[in-house]
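A.B. asks: Below is my_file-v6.csv; it holds CSV, C-alpha atoms.
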chain,number,residue,atom,x,y,z
A,1,MET,CA,44.8,122.2,-64.7
A,2,GLY,CA,45.9,121.6,-61.1
A,3,ILE,CA,43.9,118.3,-61.1
A,4,LEU,CA,45.6,117.2,-64.3
A,5,ILE,CA,49.1,117.9,-62.9
A,6,LEU,CA,48.3,115.9,-59.7
A,7,ILE,CA,47.0,113.0,-61.8
A,8,ILE,CA,50.2,113.1,-63.9
A,9,LEU,CA,52.4,113.3,-60.8
A,10,PHE,CA,50.7,110.4,-59.0
A,11,ARG,CA,50.6,108.3,-62.1
A,12,GLY,CA,54.4,108.9,-62.3
A,13,GLY,CA,54.8,107.7,-58.8
A,14,ILE,CA,56.1,111.1,-57.4
A,15,SER,CA,54.8,111.9,-53.9
A,16,ILE,CA,53.2,115.3,-53.6
A,17,MET,CA,55.6,116.3,-50.8
A,18,ASN,CA,58.6,115.3,-52.9
A,19,TRP,CA,57.2,117.4,-55.8
A,20,ILE,CA,56.8,120.4,-53.5
A,21,TYR,CA,60.3,120.1,-52.3
A,22,TYR,CA,61.5,119.8,-55.9
A,23,ILE,CA,59.7,123.0,-56.9
A,24,GLU,CA,61.0,124.9,-53.8
A,25,TYR,CA,64.5,123.5,-54.4
A,26,ASN,CA,64.5,124.7,-58.0
A,27,PHE,CA,63.1,128.1,-56.9
A,28,ILE,CA,65.9,128.5,-54.4
A,29,ILE,CA,68.7,127.3,-56.6
A,30,TYR,CA,67.8,129.4,-59.6
A,31,SER,CA,66.9,132.5,-57.5
A,32,PHE,CA,70.4,132.3,-56.2
A,33,ILE,CA,72.0,131.7,-59.6
A,34,GLY,CA,69.9,134.6,-60.9
A,35,TRP,CA,71.3,136.9,-58.2
A,36,ILE,CA,74.9,135.8,-59.2
A,37,ILE,CA,74.1,136.5,-62.9
A,38,GLU,CA,72.7,140.0,-62.1
A,39,GLU,CA,75.6,140.9,-59.9
A,40,VAL,CA,78.2,139.7,-62.4
A,41,TYR,CA,76.4,141.4,-65.3
A,42,SER,CA,76.1,144.7,-63.3
A,43,TYR,CA,79.8,144.6,-62.4
A,44,ILE,CA,80.8,144.0,-66.0
A,45,ILE,CA,78.5,146.6,-67.5
A,46,VAL,CA,78.5,149.3,-64.8
A,47,GLY,CA,81.7,148.5,-63.0
A,48,ARG,CA,80.0,147.9,-59.6
A,49,PHE,CA,77.6,145.5,-58.0
A,50,LYS,CA,73.9,146.3,-57.8
A,51,GLU,CA,73.0,148.3,-54.8
A,52,ASP,CA,69.5,147.2,-54.2
A,53,GLY,CA,67.0,144.5,-55.1
A,54,PHE,CA,63.5,143.7,-53.9
A,55,LEU,CA,64.8,141.4,-51.2
A,56,ILE,CA,67.8,141.7,-48.9
A,57,GLY,CA,69.2,138.2,-49.3
A,58,PRO,CA,71.2,136.9,-52.3
A,59,ILE,CA,68.2,135.8,-54.4
A,60,LYS,CA,66.2,137.1,-57.3
A,61,PRO,CA,62.8,135.4,-57.1
A,62,MET,CA,61.9,136.2,-60.7
A,63,TYR,CA,64.6,133.8,-61.9
A,64,GLY,CA,63.6,131.1,-59.5
A,65,ILE,CA,59.9,131.4,-60.4
A,66,ALA,CA,60.6,131.3,-64.2
A,67,MET,CA,62.9,128.3,-63.9
A,68,ALA,CA,60.7,126.4,-61.5
A,69,ILE,CA,57.8,126.9,-63.9
A,70,ILE,CA,59.9,125.8,-66.9
A,71,ILE,CA,61.4,122.8,-65.2
A,72,CYS,CA,57.9,121.7,-64.1
A,73,ILE,CA,56.5,122.1,-67.6
A,74,PHE,CA,59.4,120.2,-69.1
A,75,LYS,CA,59.1,117.4,-66.5
A,76,ILE,CA,55.3,117.0,-66.8
A,77,TYR,CA,54.9,117.3,-70.6
A,78,ASP,CA,56.7,115.3,-73.2
A,79,MET,CA,57.7,118.1,-75.7
A,80,GLY,CA,59.9,118.4,-78.7
A,81,LEU,CA,62.6,121.0,-79.2
A,82,ILE,CA,60.3,123.5,-80.9
A,83,GLU,CA,57.8,123.4,-78.0
A,84,LYS,CA,60.6,123.7,-75.5
A,85,MET,CA,62.0,126.7,-77.3
A,86,ILE,CA,58.7,128.4,-77.3
A,87,ILE,CA,58.3,127.8,-73.5
A,88,ALA,CA,61.9,129.0,-73.0
A,89,PHE,CA,61.0,132.3,-74.7
A,90,ILE,CA,57.5,133.0,-73.4
A,91,VAL,CA,57.7,132.0,-69.7
A,92,PRO,CA,60.6,134.3,-68.6
A,93,ALA,CA,59.1,137.1,-70.6
A,94,LEU,CA,55.8,136.7,-68.9
A,95,VAL,CA,57.4,136.4,-65.4
A,96,GLU,CA,59.6,139.4,-66.0
A,97,TYR,CA,56.7,141.5,-67.3
A,98,VAL,CA,54.3,140.5,-64.5
A,99,SER,CA,57.1,141.1,-61.9
A,100,GLY,CA,58.1,144.5,-63.2
A,101,TYR,CA,54.5,145.6,-63.6
A,102,GLY,CA,53.5,144.3,-60.1
A,103,LEU,CA,56.5,145.8,-58.4
A,104,LYS,CA,55.8,149.2,-60.0
A,105,LYS,CA,52.1,149.1,-59.2
A,106,ILE,CA,52.3,147.7,-55.7
A,107,PHE,CA,55.6,149.4,-54.5
A,108,ASN,CA,55.8,152.3,-56.9
A,109,LYS,CA,59.4,151.3,-57.7
A,110,VAL,CA,61.1,150.3,-60.9
A,111,TYR,CA,63.9,147.8,-60.4
A,112,TRP,CA,64.9,147.6,-64.1
A,113,SER,CA,63.8,149.4,-67.2
A,114,TYR,CA,64.3,148.6,-70.9
A,115,GLU,CA,62.7,151.8,-72.0
A,116,GLY,CA,65.8,152.9,-73.9
A,117,LEU,CA,66.0,149.7,-75.8
A,118,LYS,CA,64.2,148.7,-79.1
A,119,TYR,CA,61.2,146.5,-79.0
A,120,ASN,CA,60.3,146.9,-75.3
A,121,ILE,CA,56.9,146.6,-73.8
A,122,ASN,CA,56.3,149.3,-71.2
A,123,GLY,CA,60.0,149.1,-70.3
A,124,PHE,CA,59.4,145.8,-68.4
A,125,VAL,CA,60.6,143.4,-71.1
A,126,CYS,CA,62.5,143.8,-74.4
A,127,LEU,CA,63.3,141.5,-77.3
A,128,ARG,CA,67.1,141.6,-76.6
A,129,PHE,CA,66.8,140.4,-73.0
A,130,CYS,CA,64.1,137.9,-74.0
A,131,PHE,CA,66.6,136.4,-76.4
A,132,TYR,CA,69.3,136.4,-73.6
A,133,TRP,CA,66.9,134.5,-71.3
A,134,PHE,CA,65.9,132.2,-74.1
A,135,VAL,CA,69.6,131.2,-74.7
A,136,LEU,CA,70.4,131.0,-71.0
A,137,ILE,CA,67.3,128.8,-70.3
A,138,LEU,CA,68.2,126.4,-73.2
A,139,PHE,CA,71.7,126.1,-71.8
A,140,VAL,CA,70.6,125.7,-68.2
A,141,THR,CA,67.9,123.1,-68.9
A,142,LYS,CA,70.4,121.1,-71.1
A,143,PHE,CA,73.5,121.2,-68.8
A,144,ILE,CA,72.7,122.6,-65.3
A,145,VAL,CA,69.3,121.0,-64.6
A,146,PRO,CA,70.7,117.5,-64.8
A,147,ILE,CA,73.3,118.4,-62.2
A,148,THR,CA,70.8,120.0,-59.9
A,149,ASP,CA,68.4,117.0,-60.4
A,150,TYR,CA,71.3,114.7,-59.5
A,151,ILE,CA,72.0,116.6,-56.3
A,152,PHE,CA,68.3,116.7,-55.4
A,153,ASN,CA,67.9,112.9,-55.9
A,154,LYS,CA,71.2,111.9,-54.3
A,155,TYR,CA,71.0,114.0,-51.2
A,156,GLN,CA,67.2,113.7,-50.3
A,157,LEU,CA,67.8,113.9,-46.6
A,158,ILE,CA,69.8,117.1,-46.8
A,159,VAL,CA,67.4,118.6,-49.3
A,160,SER,CA,64.4,117.8,-47.0
A,161,ILE,CA,66.1,119.8,-44.2
A,162,LEU,CA,67.6,122.7,-46.2
A,163,VAL,CA,64.8,123.5,-48.5
A,164,PRO,CA,62.2,124.3,-45.8
A,165,LEU,CA,64.9,126.1,-43.8
A,166,ILE,CA,65.9,128.3,-46.7
A,167,THR,CA,62.3,128.8,-47.7
A,168,ALA,CA,61.6,130.1,-44.2
A,169,ILE,CA,64.6,132.5,-44.4
A,170,VAL,CA,63.3,133.8,-47.8
A,171,PHE,CA,59.8,134.2,-46.3
A,172,ILE,CA,61.3,136.2,-43.4
A,173,ASP,CA,63.2,138.3,-45.8
A,174,LEU,CA,60.0,139.0,-47.7
A,175,LEU,CA,58.1,139.9,-44.5
A,176,TYR,CA,61.0,142.2,-43.4
A,177,THR,CA,61.0,143.9,-46.9
A,178,LEU,CA,57.2,144.4,-46.8
A,179,LYS,CA,57.4,145.7,-43.2
A,180,ASN,CA,60.1,148.2,-44.1
A,181,PHE,CA,58.2,149.3,-47.2
A,182,PHE,CA,54.9,149.9,-45.3
A,183,VAL,CA,56.7,151.7,-42.5
A,184,VAL,CA,58.4,154.0,-45.0
A,185,GLN,CA,55.0,154.7,-46.6
A,186,LYS,CA,53.5,156.0,-43.4
Would you write out, as structure tokens, the structure that this file holds?

C.D. replies:
Amino acid sequence: MGILILIILFRGGISIMNWIYYIEYNFIIYSFIGWIIEEVYSYIIVGRFKEDGFLIGPIKPMYGIAMAIIICIFKIYDMGLIEKMIIAFIVPALVEYVSGYGLKKIFNKVYWSYEGLKYNINGFVCLRFCFYWFVLILFVTKFIVPITDYIFNKYQLIVSILVPLITAIVFIDLLYTLKNFFVVQK
């Protein structure tokens, strides 16, 4: 699969470094947008902002991972609307399930639970939120991705500086989070 992606990319004239920046860029942008969405949602539903997340910084990696995967799939493969709709439903559900399961197994912590909602799978995903992500992803890929793509292409120099810098900050945040977790566990 990886070889196929590289062949498609090189055939399309996209340098591998530009592709890496593009994936990182989308991860950062949509992780930040995900953080905003969760904070606003929490404030509207609960009346206060969320108190904790996996990382300290204003990002939610699950959103960034799902969107980076979806954007890459949509860029690499020529798909019709039905295929895009299937991807928009399945990818975030899988990312959310794997994230929730992994966080619980590795860190013994549940950051969200859908256990009280109908049609949930082990409390990590549920049909209602899968539908929310589905609608949100269709909206974002239609209206927001063209804007973020324009910014990425128009400001290549700035992107090539900021993306590695922000990636390093996120990595430091991850290391700090892991260090604190393992210190607490001792």

A.B. asks: Which residue out of A:Ile29, A:Ile106, A:Ala66, A:Cys130 has the minimum interatomic distance to Phe89 (chain A) when all atoms listed in the file are used?

C.D. replies: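 Nearest to Phe89 (chain A): A:Cys130.
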
A.B. asks: For the contact check between region 29-64 of chain A and region 138-150 of chain A, emit one row per residue of region 29-64 of chain A within 12 Å, containing the shortest atom pair and the distance in Å rounded to one decimal, counting all atoms listed in the file, chain then rising number order, as a Markdown table.

C.D. replies:
| residue | atom | partner | partner_atom | distance |
| --- | --- | --- | --- | --- |
| A:Ile29 | CA | A:Thr148 | CA | 8.3 |
| A:Tyr30 | CA | A:Val140 | CA | 9.8 |
| A:Ile33 | CA | A:Val140 | CA | 10.6 |
| A:Gly34 | CA | A:Val140 | CA | 11.5 |
| A:Tyr63 | CA | A:Val140 | CA | 11.9 |

A.B. asks: One number please: CA of Asp52 (chain A) to CA of Thr177 (chain A), in Å, one decimal.

C.D. replies: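 Calculated distance between CA of Asp52 (chain A) and CA of Thr177 (chain A) is 11.7 Å.
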
A.B. asks: Calculate how many Å separate CA of Ile56 (chain A) from CA of Leu103 (chain A), rounding to one decimal.

C.D. replies: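 Interatomic distance here is 15.3 Å.
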
A.B. asks: Between CA of Ala93 (chain A) and CA of Ile121 (chain A), what is the distance in Å, rounded to a tenth?

C.D. replies: 10.3 Å

A.B. asks: Smallest atom-to-atom distance to Ile151 (chain A): which of A:Ala168, A:Phe124, A:Tyr22, A:Ile76, using all atoms listed in the file?

C.D. replies: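 Counting all atoms listed in the file, the residue closest to Ile151 (chain A) is A:Tyr22.
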
A.B. asks: Show which residues sit within 10 Å of Glu38 (chain A), as a list in words. Count only C-alpha atoms, and ignore same-chain residues fewer than 5 positions away.

C.D. replies: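 Skipping anything fewer than 5 positions along the chain leaves Phe32, Ile33, Tyr43, Ile44, Phe49, Lys50, Ile59 and Lys60 of chain A.
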
A.B. asks: With distances taken over only C-alpha atoms, which residue among A:Leu162, A:Leu136, A:Asn122, A:Val46 lies nearest Met67 (chain A)?

C.D. replies: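 Of the candidates, the smallest distance to Met67 (chain A) is held by A:Leu136.
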